[in-house]
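Visitor: This is the content of work-v7.cif (mmCIF, C-alpha atoms):
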data_protein
loop_
_atom_site.group_PDB
_atom_site.id
_atom_site.type_symbol
_atom_site.label_atom_id
_atom_site.label_comp_id
_atom_site.auth_asym_id
_atom_site.auth_seq_id
_atom_site.Cartn_x
_atom_site.Cartn_y
_atom_site.Cartn_z
ATOM 1 C CA MET F 1 -2.963 8.785 -12.272
ATOM 2 C CA THR F 2 -5.390 10.839 -14.369
ATOM 3 C CA ASN F 3 -7.712 9.638 -17.137
ATOM 4 C CA GLU F 4 -5.376 11.134 -19.747
ATOM 5 C CA GLU F 5 -2.343 9.405 -18.236
ATOM 6 C CA ALA F 6 -4.185 6.082 -18.095
ATOM 7 C CA ALA F 7 -5.155 6.463 -21.759
ATOM 8 C CA GLU F 8 -1.520 7.283 -22.573
ATOM 9 C CA VAL F 9 -0.371 4.048 -20.903
ATOM 10 C CA LEU F 10 -2.808 2.027 -23.006
ATOM 11 C CA LEU F 11 -1.852 3.896 -26.190
ATOM 12 C CA THR F 12 1.813 3.205 -25.456
ATOM 13 C CA ILE F 13 1.076 -0.500 -25.153
ATOM 14 C CA HIS F 14 -0.847 -0.378 -28.460
ATOM 15 C CA GLU F 15 1.966 1.450 -30.254
ATOM 16 C CA VAL F 16 4.662 -0.937 -29.030
ATOM 17 C CA TYR F 17 2.478 -4.006 -29.559
ATOM 18 C CA PRO F 18 0.302 -3.366 -32.648
ATOM 19 C CA SER F 19 -1.567 -6.614 -32.032
ATOM 20 C CA TYR F 20 -2.875 -5.125 -28.775
ATOM 21 C CA GLU F 21 -6.368 -4.101 -29.796
ATOM 22 C CA LEU F 22 -7.480 -0.979 -27.990
ATOM 23 C CA THR F 23 -11.269 -0.874 -27.969
ATOM 24 C CA GLU F 24 -13.622 1.498 -26.190
ATOM 25 C CA ARG F 25 -14.817 -1.381 -24.028
ATOM 26 C CA LYS F 26 -11.251 -2.267 -23.047
ATOM 27 C CA MET F 27 -10.597 1.384 -22.156
ATOM 28 C CA LYS F 28 -13.736 1.462 -19.954
ATOM 29 C CA ILE F 29 -12.526 -1.618 -18.103
ATOM 30 C CA LEU F 30 -8.837 -0.794 -17.749
ATOM 31 C CA VAL F 31 -8.797 2.971 -17.155
ATOM 32 C CA PRO F 32 -10.511 2.751 -13.720
ATOM 33 C CA ALA F 33 -7.924 0.163 -12.650
ATOM 34 C CA LEU F 34 -5.076 2.364 -13.874
ATOM 35 C CA LEU F 35 -6.467 5.432 -12.081
ATOM 36 C CA GLN F 36 -5.573 3.816 -8.742
ATOM 37 C CA MET F 37 -1.957 3.316 -9.800
ATOM 38 C CA ASP F 38 1.209 5.391 -9.774
ATOM 39 C CA LEU F 39 2.070 6.644 -13.288
ATOM 40 C CA ALA F 40 5.850 6.695 -12.800
ATOM 41 C CA GLY F 41 5.818 3.163 -11.381
ATOM 42 C CA VAL F 42 3.571 1.855 -14.163
ATOM 43 C CA MET F 43 5.755 3.416 -16.873
ATOM 44 C CA LYS F 44 8.894 2.001 -15.262
ATOM 45 C CA ARG F 45 7.377 -1.476 -15.133
ATOM 46 C CA LEU F 46 6.052 -1.127 -18.696
ATOM 47 C CA ASN F 47 9.503 -0.151 -19.994
ATOM 48 C CA GLU F 48 11.077 -3.102 -18.181
ATOM 49 C CA TYR F 49 8.378 -5.396 -19.569
ATOM 50 C CA ILE F 50 8.847 -4.178 -23.154
ATOM 51 C CA ILE F 51 12.561 -4.981 -23.042
ATOM 52 C CA THR F 52 12.016 -8.652 -22.188
ATOM 53 C CA ASN F 53 8.619 -9.636 -23.607
ATOM 54 C CA PRO F 54 7.441 -9.950 -27.215
ATOM 55 C CA TRP F 55 3.744 -10.033 -26.290
ATOM 56 C CA PRO F 56 1.550 -7.293 -24.753
ATOM 57 C CA PRO F 57 1.388 -7.017 -20.959
ATOM 58 C CA THR F 58 -1.639 -7.524 -18.797
ATOM 59 C CA ILE F 59 -2.434 -4.776 -16.323
ATOM 60 C CA SER F 60 -1.097 -6.956 -13.506
ATOM 61 C CA ASP F 61 2.248 -7.173 -15.341
ATOM 62 C CA ILE F 62 2.724 -3.406 -15.113
ATOM 63 C CA ALA F 63 0.720 -2.538 -11.973
ATOM 64 C CA SER F 64 2.392 -0.184 -9.523
ATOM 65 C CA TYR F 65 0.514 1.395 -6.656
ATOM 66 C CA PRO F 66 1.479 4.477 -4.655
ATOM 67 C CA LEU F 67 3.092 3.738 -1.330
ATOM 68 C CA GLN F 68 0.630 4.070 1.498
ATOM 69 C CA GLU F 69 1.527 5.009 5.013
ATOM 70 C CA ASN F 70 1.277 2.186 7.517
ATOM 71 C CA GLU F 71 -1.092 3.837 10.008
ATOM 72 C CA VAL F 72 -0.570 1.218 12.732
ATOM 73 C CA LEU F 73 3.202 1.541 12.502
ATOM 74 C CA ARG F 74 2.989 5.344 12.531
ATOM 75 C CA LYS F 75 0.807 5.346 15.657
ATOM 76 C CA THR F 76 3.025 2.776 17.375
ATOM 77 C CA LEU F 77 6.158 4.843 16.713
ATOM 78 C CA GLU F 78 4.370 7.976 17.909
ATOM 79 C CA PHE F 79 3.285 6.206 21.105
ATOM 80 C CA GLU F 80 6.798 4.863 21.722
ATOM 81 C CA LYS F 81 8.258 8.336 21.242
ATOM 82 C CA ARG F 82 5.803 9.882 23.702
ATOM 83 C CA ALA F 83 6.411 7.056 26.177
ATOM 84 C CA ALA F 84 10.190 7.554 25.953
ATOM 85 C CA GLU F 85 9.792 11.289 26.534
ATOM 86 C CA ASN F 86 7.472 10.797 29.514
ATOM 87 C CA PRO F 87 8.036 7.384 31.130
ATOM 88 C CA PRO F 88 5.506 6.185 33.703
ATOM 89 C CA THR F 89 6.235 6.671 37.383
ATOM 90 C CA GLN F 90 6.531 3.718 39.738
ATOM 91 C CA GLU F 91 3.161 4.733 41.176
ATOM 92 C CA GLN F 92 1.527 4.586 37.714
ATOM 93 C CA ILE F 93 3.098 1.189 37.025
ATOM 94 C CA GLU F 94 1.737 -0.205 40.290
ATOM 95 C CA GLU F 95 -1.707 1.257 39.536
ATOM 96 C CA PHE F 96 -1.782 -0.414 36.093
ATOM 97 C CA GLN F 97 -0.615 -3.719 37.572
ATOM 98 C CA ALA F 98 -3.380 -3.542 40.185
ATOM 99 C CA ARG F 99 -5.987 -2.849 37.498
ATOM 100 C CA PHE F 100 -4.762 -5.737 35.340
ATOM 101 C CA LYS F 101 -4.807 -8.057 38.351
ATOM 102 C CA GLN F 102 -8.328 -6.905 39.168
ATOM 103 C CA LEU F 103 -9.403 -7.717 35.608
ATOM 104 C CA GLY F 104 -7.653 -11.092 35.701
ATOM 105 C CA LEU F 105 -5.193 -10.045 32.992
ATOM 106 C CA THR F 106 -2.015 -11.017 34.827
ATOM 107 C CA GLU F 107 -0.300 -14.368 34.895
ATOM 108 C CA ALA F 108 -1.253 -16.652 37.754
ATOM 109 C CA GLU F 109 1.040 -16.140 40.726
ATOM 110 C CA ASP F 110 3.048 -19.063 42.010
ATOM 111 C CA GLU F 111 1.191 -20.775 44.813
#
Would you mind writing the structure in this file as structure tokens?
Guide:
Amino acid sequence: MTNEEAAEVLLTIHEVYPSYELTERKMKILVPALLQMDLAGVMKRLNEYIITNPWPPTISDIASYPLQENEVLRKTLEFEKRAAENPPTQEQIEEFQARFKQLGLTEAEDE
């Protein structure tokens, strides 16, 4: 969201709820928080809020953040895809098992 869009959100709240005092100090506090949010999501939540609430919203009432990619999930899926395309050979599997055993990372064998 841009500075202008953040200001527009706050002006919309003020216009719908005239009791919502919009001061310079409030703008300095709230605009940076709004800049991190998704404008379309905020406006959707604000419209839904207006329909059901007679008092002005807090920023947390209308907060909507852009979806962020789950980097761990992306890398895991990428790894699984590469592994499926090029599965390990029996020789590689035995080599890994030997290394794990050497490091003590395997379960204790039945005695």
Visitor: Mind giving me the straight-line distance from atom CA of F:Thr76 to atom CA of F:Gln90 in Å, one decimal?
Guide: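 Result for atom CA of F:Thr76 versus atom CA of F:Gln90: 22.7 Å, one decimal.
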Visitor: Could you state the separation of atom CA of F:Ala7 and atom CA of F:Glu48 in Å, given to one decimal place?
Guide: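 Computing it gives 19.2 Å between the two atoms.
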Visitor: Carefully work through the PyMOL selection byres ((chain F and resi 46) around 9) for this structure and note down the residues it includes, as a PyMOL selection string.
Guide: chain F and resi 9+13+41-45+47-51+57+61-63
Visitor: Can you tell me, as a PyMOL selection string, what residues are no more than 7 Å from stretch 20-26 of chain F when counting only C-alpha atoms, ignoring any on the same chain fewer than 4 positions away?
Guide: chain F and resi 14+30+56
Visitor: For a test of reading the model, state the distance in Å between atom CA of F:Leu39 and atom CA of F:Thr2, rounded to one decimal.
Guide: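 Atom CA of F:Thr2 lies at a distance of 8.6 Å from atom CA of F:Leu39.
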Visitor: Using all atoms listed in the file, can you tell me which of F:Leu77, F:Val16, F:Leu103, F:Leu10 comes closest to F:Pro54?
Guide: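 Of the candidates, the smallest distance to F:Pro54 is held by F:Val16.
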